[in-house]
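Asker: Quick one, final-v2.txt (compact mmCIF, C-alpha atoms):
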# COMPACT_ATOMS: atom_id res chain seq x y z
CA MET A 1 18.75 -12.38 14.97
CA SER A 2 21.90 -12.72 12.87
CA GLY A 3 23.81 -15.36 10.97
CA ILE A 4 21.18 -15.61 8.23
CA VAL A 5 22.56 -15.81 4.68
CA ALA A 6 20.29 -15.43 1.64
CA GLU A 7 20.26 -18.13 -1.05
CA LEU A 8 20.75 -17.28 -4.73
CA MET A 9 17.61 -18.25 -6.65
CA ILE A 10 18.01 -16.51 -10.03
CA ASP A 11 21.46 -15.67 -11.40
CA ALA A 12 20.08 -12.79 -13.47
CA ARG A 13 23.19 -10.58 -13.75
CA ALA A 14 20.92 -7.52 -13.71
CA ARG A 15 22.57 -4.13 -14.02
CA LEU A 16 20.12 -2.62 -11.52
CA GLY A 17 17.59 -5.20 -10.37
CA GLU A 18 14.86 -3.45 -8.39
CA GLY A 19 11.20 -3.07 -7.56
CA LEU A 20 10.20 -6.47 -6.17
CA GLN A 21 6.41 -6.60 -5.84
CA LEU A 22 3.93 -9.33 -4.88
CA PHE A 23 0.84 -9.54 -7.09
CA PRO A 24 -2.55 -10.93 -5.98
CA ASP A 25 -2.06 -14.09 -8.10
CA GLY A 26 1.06 -14.96 -6.11
CA SER A 27 3.58 -13.95 -8.77
CA MET A 28 6.51 -11.68 -7.91
CA TRP A 29 7.42 -8.91 -10.35
CA TRP A 30 10.77 -7.13 -10.59
CA VAL A 31 12.63 -4.90 -13.03
CA ASP A 32 16.11 -4.20 -14.38
CA ILE A 33 15.92 -0.39 -14.42
CA PRO A 34 18.40 0.69 -17.14
CA ALA A 35 17.59 -2.29 -19.38
CA GLY A 36 13.85 -1.47 -19.37
CA ARG A 37 13.09 -5.12 -18.59
CA ILE A 38 10.10 -6.30 -16.57
CA HIS A 39 10.32 -9.81 -15.09
CA ARG A 40 7.85 -12.07 -13.30
CA ILE A 41 8.72 -14.91 -10.92
CA ARG A 42 6.37 -17.90 -10.83
CA ASP A 43 7.15 -21.29 -9.33
CA GLY A 44 10.68 -20.09 -8.55
CA ARG A 45 11.45 -19.21 -12.18
CA SER A 46 11.81 -15.73 -13.63
CA GLU A 47 10.44 -14.86 -17.07
CA LEU A 48 10.69 -11.70 -19.14
CA VAL A 49 7.22 -10.16 -19.42
CA LEU A 50 7.91 -6.91 -21.21
CA LYS A 51 10.73 -4.68 -22.42
CA VAL A 52 9.96 -0.97 -22.53
CA ARG A 53 11.75 2.00 -24.05
CA GLY A 54 13.93 3.76 -21.51
CA GLU A 55 14.20 2.98 -17.82
CA VAL A 56 11.56 1.17 -15.79
CA SER A 57 11.51 1.34 -11.99
CA LYS A 58 8.44 -0.49 -10.69
CA VAL A 59 5.34 -2.48 -11.63
CA LEU A 60 2.26 -2.36 -9.41
CA PRO A 61 -0.96 -4.41 -9.45
CA TRP A 62 -3.93 -2.44 -10.82
CA ASP A 63 -7.56 -3.51 -10.88
CA GLN A 64 -7.43 -3.12 -14.68
CA GLY A 65 -4.13 -5.02 -15.07
CA PHE A 66 -0.79 -3.51 -14.04
CA LEU A 67 0.91 -0.11 -13.84
CA VAL A 68 4.45 0.44 -15.13
CA PHE A 69 6.56 3.32 -13.78
CA GLY A 70 9.01 4.41 -16.45
CA ARG A 71 11.26 7.30 -17.27
CA GLU A 72 8.59 9.83 -18.23
CA GLN A 73 5.25 8.10 -17.80
CA ILE A 74 3.09 5.82 -15.74
CA VAL A 75 1.58 3.40 -18.24
CA GLY A 76 -1.48 1.28 -17.48
CA TYR A 77 -1.68 -2.12 -19.18
CA ASP A 78 -4.51 -4.64 -19.19
CA SER A 79 -3.79 -8.22 -18.12
CA ASN A 80 -2.86 -9.11 -21.71
CA GLY A 81 -0.22 -6.39 -21.95
CA ASN A 82 -2.26 -3.93 -24.02
CA VAL A 83 -1.78 -0.24 -23.21
CA LEU A 84 -4.91 1.35 -21.75
CA ILE A 85 -3.58 4.72 -20.65
CA GLU A 86 -0.35 6.73 -20.55
CA PHE A 87 0.09 9.46 -17.94
CA GLU A 88 3.14 11.70 -18.18
CA VAL A 89 4.79 12.77 -14.92
CA ASN A 90 8.25 13.82 -16.16
CA SER A 91 8.93 15.86 -19.29
CA PRO A 92 11.63 14.42 -21.58
CA GLU A 93 13.78 17.53 -21.04
CA SER A 94 13.71 17.26 -17.24
CA ASN A 95 16.18 14.33 -17.03
CA LEU A 96 13.95 12.88 -14.31
CA ARG A 97 12.62 9.33 -14.07
CA CYS A 98 10.29 7.53 -11.70
CA SER A 99 11.81 5.64 -8.78
CA ASP A 100 10.11 3.33 -6.27
CA ALA A 101 6.33 3.19 -5.86
CA ALA A 102 3.66 1.63 -3.64
CA VAL A 103 -0.11 1.37 -3.42
CA LEU A 104 -1.90 3.03 -0.51
CA PRO A 105 -4.89 1.32 1.16
CA ASN A 106 -7.38 3.56 -0.70
CA GLY A 107 -6.00 2.50 -4.09
CA SER A 108 -3.90 5.63 -4.70
CA VAL A 109 -0.28 5.21 -5.69
CA VAL A 110 2.67 7.02 -4.14
CA PHE A 111 5.97 7.19 -5.99
CA GLY A 112 9.26 9.01 -6.21
CA THR A 113 10.91 10.88 -9.04
CA ILE A 114 14.69 11.07 -9.27
CA ASP A 115 17.24 12.84 -11.43
CA ARG A 116 18.90 10.32 -13.73
CA GLU A 117 22.33 11.76 -12.90
CA LEU A 118 21.45 12.12 -9.19
CA ALA A 119 21.66 15.92 -9.39
CA GLU A 120 21.17 17.45 -5.97
CA ALA A 121 17.66 18.13 -4.67
CA ARG A 122 15.74 17.51 -7.91
CA GLY A 123 13.72 14.52 -6.75
CA SER A 124 10.18 14.47 -5.37
CA LEU A 125 7.72 12.26 -3.55
CA MET A 126 4.36 12.28 -5.32
CA CYS A 127 0.89 10.75 -5.13
CA LEU A 128 -1.65 9.89 -7.83
CA SER A 129 -5.24 9.52 -6.61
CA PRO A 130 -7.86 7.11 -8.02
CA ASN A 131 -9.18 10.11 -10.00
CA TRP A 132 -5.72 10.71 -11.53
CA LYS A 133 -5.12 13.82 -9.44
CA LEU A 134 -1.37 14.29 -9.09
CA CYS A 135 0.09 16.05 -6.06
CA VAL A 136 3.60 16.64 -4.74
CA ILE A 137 4.05 15.42 -1.15
CA GLU A 138 7.63 16.60 -0.86
CA SER A 139 10.19 18.10 -3.25
CA GLY A 140 13.90 18.87 -3.02
CA LEU A 141 14.91 15.23 -2.54
CA GLU A 142 17.98 13.59 -4.04
CA ILE A 143 17.34 9.83 -3.89
CA PRO A 144 13.74 9.05 -2.87
CA ASN A 145 13.61 5.29 -2.47
CA GLY A 146 11.71 2.48 -0.71
CA LEU A 147 7.99 2.91 0.03
CA GLY A 148 5.39 0.82 1.82
CA ALA A 149 2.10 1.04 3.70
CA LEU A 150 1.99 -0.02 7.36
CA PRO A 151 -0.36 -2.88 8.34
CA SER A 152 -2.60 -0.50 10.33
CA GLY A 153 -3.47 1.28 7.09
CA SER A 154 -2.88 4.62 8.77
CA GLY A 155 0.70 5.31 7.70
CA THR A 156 3.54 4.71 5.28
CA LEU A 157 7.30 4.35 5.49
CA PHE A 158 9.66 6.04 3.05
CA ALA A 159 13.43 5.62 2.66
CA ASP A 160 15.37 8.77 1.81
CA SER A 161 18.72 7.27 0.81
CA THR A 162 20.76 10.46 0.92
CA SER A 163 19.83 11.26 4.52
CA GLN A 164 20.28 7.61 5.67
CA LYS A 165 16.79 7.90 7.19
CA ILE A 166 13.47 6.10 6.98
CA PHE A 167 10.53 8.41 7.55
CA GLU A 168 6.97 7.68 8.62
CA TYR A 169 3.96 9.58 7.28
CA THR A 170 0.32 9.57 8.34
CA ILE A 171 -2.14 8.79 5.54
CA SER A 172 -4.98 11.31 5.20
CA ASP A 173 -8.18 11.36 3.13
CA SER A 174 -7.20 14.56 1.32
CA GLU A 175 -6.22 14.42 -2.35
CA LEU A 176 -4.15 17.58 -1.84
CA THR A 177 -2.25 16.26 1.21
CA PRO A 178 -2.54 12.44 1.15
CA MET A 179 0.51 11.95 3.43
CA THR A 180 1.21 14.25 6.39
CA ASN A 181 2.93 14.44 9.80
CA LYS A 182 6.35 13.34 8.60
CA LYS A 183 8.63 12.03 11.34
CA VAL A 184 11.83 10.01 11.54
CA PHE A 185 11.17 6.28 11.94
CA ALA A 186 14.84 5.22 11.97
CA GLU A 187 18.33 6.27 10.90
CA ILE A 188 20.75 3.78 9.36
CA ASP A 189 24.42 3.92 10.27
CA SER A 190 26.30 4.64 7.03
CA ALA A 191 28.78 1.89 7.95
CA LEU A 192 25.98 -0.64 7.32
CA GLY A 193 25.11 0.65 3.85
CA ILE A 194 22.66 3.00 2.15
CA PRO A 195 18.90 2.40 2.67
CA ASP A 196 17.24 1.34 -0.59
CA GLY A 197 14.05 -0.64 -1.20
CA LEU A 198 11.93 -1.89 1.69
CA ALA A 199 9.21 -4.35 2.67
CA ILE A 200 6.85 -4.16 5.64
CA ASP A 201 5.72 -7.21 7.61
CA SER A 202 2.50 -7.99 9.48
CA GLU A 203 3.89 -6.64 12.76
CA GLY A 204 4.91 -3.30 11.25
CA GLY A 205 8.58 -4.27 10.98
CA CYS A 206 10.54 -2.74 8.11
CA TRP A 207 12.93 -4.93 6.11
CA ILE A 208 15.32 -2.74 4.14
CA ALA A 209 18.00 -3.50 1.56
CA LEU A 210 21.32 -1.77 2.27
CA TRP A 211 23.14 -0.79 -0.92
CA GLY A 212 26.88 -1.18 -0.59
CA GLY A 213 26.52 -3.12 2.65
CA GLY A 214 25.52 -6.55 1.34
CA LYS A 215 22.71 -6.74 3.90
CA VAL A 216 18.99 -6.62 4.51
CA VAL A 217 18.05 -5.62 8.04
CA ARG A 218 14.75 -5.60 9.89
CA LEU A 219 13.77 -2.54 11.88
CA ASN A 220 11.21 -3.34 14.56
CA PRO A 221 8.22 -0.99 15.06
CA SER A 222 10.41 1.11 17.34
CA GLY A 223 12.97 1.57 14.56
CA GLU A 224 15.65 -0.67 16.08
CA ILE A 225 17.51 -3.38 14.13
CA ASP A 226 16.56 -6.84 15.40
CA CYS A 227 17.46 -9.05 12.43
CA GLN A 228 20.24 -9.01 9.85
CA ILE A 229 20.53 -10.99 6.63
CA GLU A 230 23.79 -11.28 4.72
CA ILE A 231 23.61 -11.07 0.93
CA PRO A 232 26.76 -12.45 -0.76
CA THR A 233 26.99 -9.46 -3.12
CA PRO A 234 27.48 -5.81 -2.13
CA ASN A 235 24.46 -4.15 -3.70
CA PRO A 236 21.06 -5.51 -2.62
CA THR A 237 18.38 -3.13 -3.86
CA SER A 238 14.85 -4.19 -2.91
CA CYS A 239 13.01 -6.87 -0.97
CA ALA A 240 9.46 -8.24 -0.77
CA PHE A 241 7.56 -11.13 0.76
CA ASP A 242 5.88 -13.66 -1.49
CA SER A 243 2.50 -15.27 -0.80
CA GLU A 244 4.19 -17.92 1.38
CA HIS A 245 6.11 -15.20 3.31
CA ASN A 246 9.53 -16.05 1.88
CA LEU A 247 11.64 -12.90 1.57
CA TRP A 248 12.99 -12.20 -1.92
CA ILE A 249 15.81 -9.73 -2.60
CA THR A 250 17.06 -8.16 -5.83
CA SER A 251 20.60 -6.93 -6.40
CA ALA A 252 22.71 -4.99 -8.90
CA THR A 253 25.99 -5.24 -10.77
CA GLU A 254 25.98 -1.44 -11.23
CA THR A 255 29.08 0.19 -9.67
CA LEU A 256 30.75 -3.17 -8.96
CA VAL A 257 34.30 -3.84 -10.16
CA HIS A 258 36.72 -6.76 -10.34
CA ALA A 259 35.98 -9.62 -7.93
CA ASP A 260 32.62 -8.25 -6.78
CA LEU A 261 31.44 -7.84 -10.37
CA ASN A 262 32.53 -11.33 -11.41
CA ALA A 263 31.29 -13.11 -8.29
CA ARG A 264 28.41 -15.54 -8.62
CA GLY A 265 25.11 -13.91 -7.76
CA ALA A 266 26.00 -10.29 -8.50
CA GLY A 267 22.82 -8.78 -9.96
CA GLY A 268 20.90 -11.90 -8.97
CA VAL A 269 17.65 -12.49 -7.09
CA TRP A 270 18.04 -13.98 -3.62
CA MET A 271 15.66 -15.52 -1.08
CA VAL A 272 15.35 -16.36 2.60
CA PRO A 273 12.63 -18.92 3.51
CA SER A 274 9.94 -17.84 5.94
CA LYS A 275 10.85 -20.67 8.34
CA ILE A 276 14.23 -18.99 8.83
CA HIS A 277 13.31 -15.32 9.17
CA LYS A 278 9.89 -16.14 10.77
CA ALA A 279 8.11 -12.95 9.64
CA LYS A 280 4.87 -12.70 7.67
CA GLY A 281 4.25 -10.40 4.76
CA LEU A 282 1.12 -8.42 3.94
CA THR A 283 -1.58 -8.91 1.33
CA PRO A 284 -0.74 -6.52 -1.52
CA HIS A 285 -2.91 -3.44 -2.03
CA ILE A 286 -4.26 -3.05 -5.56
CA ALA A 287 -4.19 0.31 -7.36
CA ARG A 288 -7.70 1.51 -8.14
CA LEU A 289 -7.02 4.29 -10.60
CA LYS A 290 -10.31 4.67 -12.44
CA ILE A 291 -10.38 4.51 -16.19
CA ASP A 292 -13.16 5.82 -18.41
CA ALA A 293 -13.41 8.05 -21.45
CA ASN A 294 -13.47 11.22 -19.38
CA LEU A 295 -10.39 10.28 -17.36
CA ILE A 296 -8.49 9.19 -20.47
CA SER A 297 -9.30 12.60 -21.93
CA GLN A 298 -8.01 14.29 -18.76
CA ALA A 299 -4.80 12.27 -18.85
CA THR A 300 -4.31 13.08 -22.53
CA SER A 301 -4.93 16.77 -21.82
CA ARG A 302 -2.32 16.61 -19.07
CA LEU A 303 0.18 15.12 -21.50
CA GLN A 304 -0.50 17.96 -23.93
CA LEU A 305 -0.23 20.54 -21.14
CA LEU A 306 3.09 19.17 -19.92
CA SER A 307 4.39 19.13 -23.47
CA ALA A 308 3.34 22.74 -24.00
CA ARG A 309 5.14 23.77 -20.78
CA SER A 310 8.38 21.97 -21.55
Using structure tokens, write down the structure that the file contains.
Answerer:
Amino acid sequence: MSGIVAELMIDARARLGEGLQLFPDGSMWWVDIPAGRIHRIRDGRSELVLKVRGEVSKVLPWDQGFLVFGREQIVGYDSNGNVLIEFEVNSPESNLRCSDAAVLPNGSVVFGTIDRELAEARGSLMCLSPNWKLCVIESGLEIPNGLGALPSGSGTLFADSTSQKIFEYTISDSELTPMTNKKVFAEIDSALGIPDGLAIDSEGGCWIALWGGGKVVRLNPSGEIDCQIEIPTPNPTSCAFDSEHNLWITSATETLVHADLNARGAGGVWMVPSKIHKAKGLTPHIARLKIDANLISQATSRLQLLSARS
């Protein structure tokens, strides 16, 4: 399927719009990474929810409120925006920040870390269990990117931008090795763009934003492209289905120059109605990271330990 062109919904002029995420209440959350801005879309309108210090890469639904993935920490907020817990994953001296993130079916969260200057092989793919046990799934990555759980609940997809590949992992019950059996799901021709954020539909198809290519493509469960959406700006960054299965797409002005930078819709949020693309999204998983006095103490101890090591 081709000839589909996304419609500009929000002319946000974001530097690096990213992290689209459906919440259980039907709202869509997204971020502008370098600006530290967290936005929420309701009834087709985007509102600023929160501005944080430093970069922010993703917001995920949590059974206590929401989780914010920032430069150094994962911060848990209640539904009123009050901080409940802060969990450090990157020391300030490391020059790392969090990248994309997703919730696994068991309520764990999987996320990437990335060097802020894209230094070679300093990124990682990590997982945080409901008991706040942090493990490294894979290290030595450069640009770990899009993440999502498959509808079967048995696997995840992960976009490694530098390699132009999307990988599939099997989900296990182990806190030490929550994702195993890595294999190539698909490889994207560099002429189409660089694989960035992704969304998974009810059939196991993978919709992926192609940075520099002005496209979102669908990979069928066999990893073959069977649908292509044109985005009238070069740098789409992430995509997600809303509760009515419309496909929303963020974009960035970062790296654009001249006509591309000044064009209407650069850094905007785009949408393709479900009646056009005909796919169905998935019900969002909710993070179930437990919170009690003991776990807060453990998280605080971890912060102190990381600080002592840095």
Asker: Have a look at A:Asp242, A:Asp292, A:Asp173, A:Asp100 and name the one nearest to Ile41 of chain A; count only C-alpha atoms.
Answerer: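 Closest residue, counting only C-alpha atoms: A:Asp242.
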Asker: Env of Arg218 of chain A: 9 Å cut, atoms = only C-alpha atoms, seq-sep filter 2 positions within chain, self excluded. Answer as a list of chain:residue names.
Answerer: A:Gly205, A:Cys206, A:Trp207, A:Ile208, A:Val216, A:Asn220, A:Gly223, A:Glu224, A:Ile225, A:Asp226, A:Cys227, A:Gln228, A:Ile229
Asker: Restricting the calculation to all atoms listed in the file, which member of A:Asn246, A:Gln64, A:Thr233, A:Ser238 is positioned closest to Gly267 of chain A?
Answerer: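 The closest residue to Gly267 of chain A is A:Thr233.
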Asker: Can you list, as a PyMOL selection string, every protein, DNA or RNA residue that comes within 6 Å of segment 274-289 of chain A when you count all atoms listed in the file, leaving out same-chain residues fewer than 5 positions away?
Answerer: chain A and resi 61-63+103+107-108+130+201-202+241+245-246
Asker: Just checking: using all atoms listed in the file, which residue out of A:Val59, A:Asp43, A:Asn235, A:Asp78 ends up closest to Leu22 of chain A?
Answerer: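 Under the stated criterion, the closest residue is A:Val59.
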Asker: Under the rule that only C-alpha atoms are counted, which of A:Ala186, A:Val89, A:Ile166, A:Leu192 is the nearest residue to Val136 of chain A?
Answerer: A:Val89
Asker: Record the distance separating atom CA of Asp189 of chain A and atom CA of Lys165 of chain A, expressed in Å with one decimal.
Answerer: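 These atoms are spaced 9.1 Å apart.
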Asker: Write out as a PyMOL selection string the residues lying within 12 Å of Glu254 of chain A, counting all atoms listed in the file and excluding same-chain residues fewer than 5 positions away.
Answerer: chain A and resi 13-18+32-35+211-212+233-237+260-262+266-268
Asker: Check the smallest atom-to-atom distance from each of A:Ile10, A:Thr250, A:Gly81, A:Trp132 to Ser46 of chain A using all atoms listed in the file, then report the winner.
Answerer: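 Closest to Ser46 of chain A, using all atoms listed in the file: A:Ile10.
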